[in-house]
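Heads up, input.cif below (mmCIF, C-alpha atoms and all ligand atoms):
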data_upload
#
loop_
_atom_site.label_atom_id
_atom_site.label_comp_id
_atom_site.auth_asym_id
_atom_site.auth_seq_id
_atom_site.Cartn_x
_atom_site.Cartn_y
_atom_site.Cartn_z
CA MET I 1 -66.64 -9.30 11.55
CA ALA I 2 -63.24 -9.21 13.23
CA ARG I 3 -60.58 -7.13 11.67
CA LEU I 4 -57.48 -8.95 10.67
CA PRO I 5 -54.42 -7.79 12.55
CA VAL I 6 -51.87 -5.97 10.44
CA MET I 7 -48.39 -7.25 10.75
CA ARG I 8 -45.85 -4.54 10.97
CA LEU I 9 -42.54 -5.39 9.56
CA GLY I 10 -39.57 -4.39 11.64
CA LEU I 11 -37.62 -3.34 8.63
CA ARG I 12 -36.88 0.20 7.86
CA THR I 13 -34.75 1.84 5.30
CA VAL I 14 -31.49 3.41 6.30
CA SER I 15 -29.91 6.13 4.32
CA THR I 16 -26.44 5.13 3.25
CA ARG I 17 -25.60 8.81 3.13
CA SER I 18 -26.05 9.30 6.83
CA VAL I 19 -24.75 5.98 8.12
CA LYS I 20 -21.06 5.45 8.46
CA ALA I 21 -19.72 2.14 7.26
CA VAL I 22 -18.46 -0.03 10.07
CA ARG I 23 -14.72 0.24 9.89
CA GLY I 24 -13.74 -2.62 7.62
CA ASP I 25 -14.76 -5.85 9.28
CA ALA I 26 -12.97 -7.81 6.58
CA ALA I 27 -9.95 -5.55 6.76
CA ALA I 28 -9.79 -5.91 10.53
CA ARG I 29 -9.95 -9.68 10.33
CA SER I 30 -7.24 -9.93 7.72
CA ALA I 31 -4.94 -7.32 9.26
CA LYS I 32 -1.90 -8.76 10.90
CA PRO I 33 -1.74 -7.93 14.59
CA THR I 34 1.99 -7.47 14.12
CA LEU I 35 1.72 -4.87 11.41
CA ASP I 36 3.30 -2.21 13.62
CA PHE I 37 6.19 -4.53 14.36
CA TYR I 38 7.10 -4.96 10.70
CA GLY I 39 7.20 -1.20 10.31
CA SER I 40 9.49 -0.70 13.29
CA ALA I 41 13.06 0.54 12.99
CA ALA I 42 14.27 -2.42 15.06
CA TRP I 43 12.77 -4.92 12.63
CA LYS I 44 14.06 -3.06 9.59
CA ALA I 45 17.56 -3.05 11.08
CA ILE I 46 17.69 -6.76 11.87
CA ARG I 47 16.06 -7.60 8.55
CA LEU I 48 18.76 -5.66 6.72
CA GLN I 49 21.45 -7.41 8.79
CA VAL I 50 20.10 -10.85 7.84
CA GLN I 51 19.78 -9.88 4.19
CA ARG I 52 23.38 -8.69 4.15
CA GLU I 53 24.62 -11.86 5.83
CA CYS I 54 22.78 -14.02 3.30
CA LYS I 55 24.41 -12.23 0.36
CA ARG I 56 21.37 -12.83 -1.82
CA THR I 57 21.57 -16.62 -1.31
CA CYS I 58 18.62 -18.57 0.08
CA GLN I 59 19.59 -20.25 3.32
CA ARG I 60 17.33 -23.22 2.62
CA CYS I 61 17.78 -24.18 -1.04
CA ARG I 62 20.98 -22.19 -1.63
CA LYS I 63 19.52 -20.43 -4.66
CA PRO I 64 21.97 -17.62 -5.49
CA ASP I 65 21.39 -14.03 -6.53
CA THR I 66 17.82 -13.87 -5.31
CA ARG I 67 15.64 -11.53 -3.30
CA ILE I 68 15.83 -12.53 0.34
CA TYR I 69 12.76 -12.65 2.58
CA VAL I 70 13.67 -12.60 6.25
CA ASP I 71 11.55 -15.20 7.98
CA HIS I 72 10.90 -16.03 11.61
CA ILE I 73 11.87 -19.67 12.11
CA VAL I 74 9.40 -19.85 14.99
CA GLU I 75 6.67 -17.46 13.94
CA LEU I 76 5.63 -14.59 16.14
CA ARG I 77 2.13 -16.00 16.66
CA ASP I 78 3.75 -19.21 17.86
CA GLY I 79 5.82 -17.33 20.41
CA GLY I 80 9.00 -16.86 18.38
CA ALA I 81 11.42 -14.14 19.43
CA PRO I 82 10.73 -11.20 17.12
CA LEU I 83 14.22 -9.70 16.96
CA GLU I 84 16.44 -12.63 17.90
CA ARG I 85 18.98 -13.28 15.16
CA SER I 86 18.91 -17.02 15.87
CA ASN I 87 15.17 -17.03 15.10
CA LEU I 88 15.63 -15.45 11.69
CA ILE I 89 16.50 -16.99 8.34
CA GLY I 90 16.88 -15.54 4.87
CA LEU I 91 14.77 -17.36 2.30
CA CYS I 92 14.00 -17.00 -1.41
CA ALA I 93 10.39 -16.36 -2.36
CA SER I 94 9.75 -20.02 -3.13
CA CYS I 95 11.16 -21.33 0.15
CA HIS I 96 9.41 -18.59 2.12
CA GLY I 97 6.09 -19.55 0.56
CA LYS I 98 6.65 -23.26 1.22
CA LYS I 99 7.69 -22.67 4.80
CA THR I 100 4.67 -20.49 5.48
CA ALA I 101 2.38 -23.15 3.99
CA GLU I 102 4.04 -25.86 6.10
CA VAL I 103 3.58 -23.86 9.30
CA ARG I 104 -0.07 -23.15 8.47
CA GLN I 105 -0.68 -26.81 7.78
CA MET I 106 0.91 -27.83 11.08
CA ARG I 107 -1.29 -25.31 12.87
CA ALA I 108 -4.39 -26.68 11.19
CA GLU I 109 -3.50 -30.31 11.91
CA PRO I 110 -1.94 -30.56 15.35
CA CYS I 111 -0.27 -33.87 16.16
ZN ZN G 1 15.07 -21.11 -1.36
#
Would it be possible to restate this file's structure as C-alpha cells?
Ligand SMILES: [Zn+2]
Amino acid sequence: MARLPVMRLGLRTVSTRSVKAVRGDAAARSAKPTLDFYGSAAWKAIRLQVQRECKRTCQRCRKPDTRIYVDHIVELRDGGAPLERSNLIGLCASCHGKKTAEVRQMRAEPC
C-alpha cells in the first residue's frame, strides 16, 4: 500500500517580538511629499506675509475676522510656484476646503 504524501504547509509562525514592523506603509502613503516645505522658514515667512495682507478677511468670499489659510492657487503637485506671492491666496476654512475639493475633482476627472 502506497503511503500518502504529506503536504507541508509553507506557513510558519513569526514572533512579533523579534520582527520589526515595516515602517508605516499607511503613514508613508498618506504623508505629503511636501511636508518639509511646509515646515520651512521660507514658507512660514511668506505665509505670514499673506496672512497680514489679508487682514483676517477671506480673499474669495470676503468673510471678515476669520482665520486665514494660505493656499497655493496652482497647487504644488500641479507645478505651482511654492513661494511666489502671485500663486498664494488667503482663504477662510470654508473656501479653502471647497477649493481643495474642486482641485481634487478636476484631477480625478480630466477634461
Ligand atoms: Zn471664504
| said: (19.6, -10.6, 7.5) in this file's frame - what residues fall within 12 Å of it? Use only C-alpha atoms and give the answer as an NGL selection string. | reply: :I and (43-59 or 67-72 or 83-91)
| request: Would you list the residues that come within 7 Å of ligand ZN 1 (chain G)? Count all atoms listed in the file and give the answer as a PyMOL selection string. | output: chain I and resi 58-63+91-95
| Suppose you want the space between CA of Ala41 (chain I) and CA of Gly80 (chain I); what is it in Å? |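 One can read the CA of Ala41 (chain I) to CA of Gly80 (chain I) distance as 18.7 Å.
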| query | Could you state the separation of CA of Ala81 (chain I) and CA of Ala101 (chain I) in Å, given to one decimal place? | reply | 20.0 Å
| field | Point-to-point distance from CA of Thr100 (chain I) to CA of Pro64 (chain I), Å rounded to tenths | value |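 If I compute the distance from CA of Thr100 (chain I) to CA of Pro64 (chain I), I get 20.7 Å.
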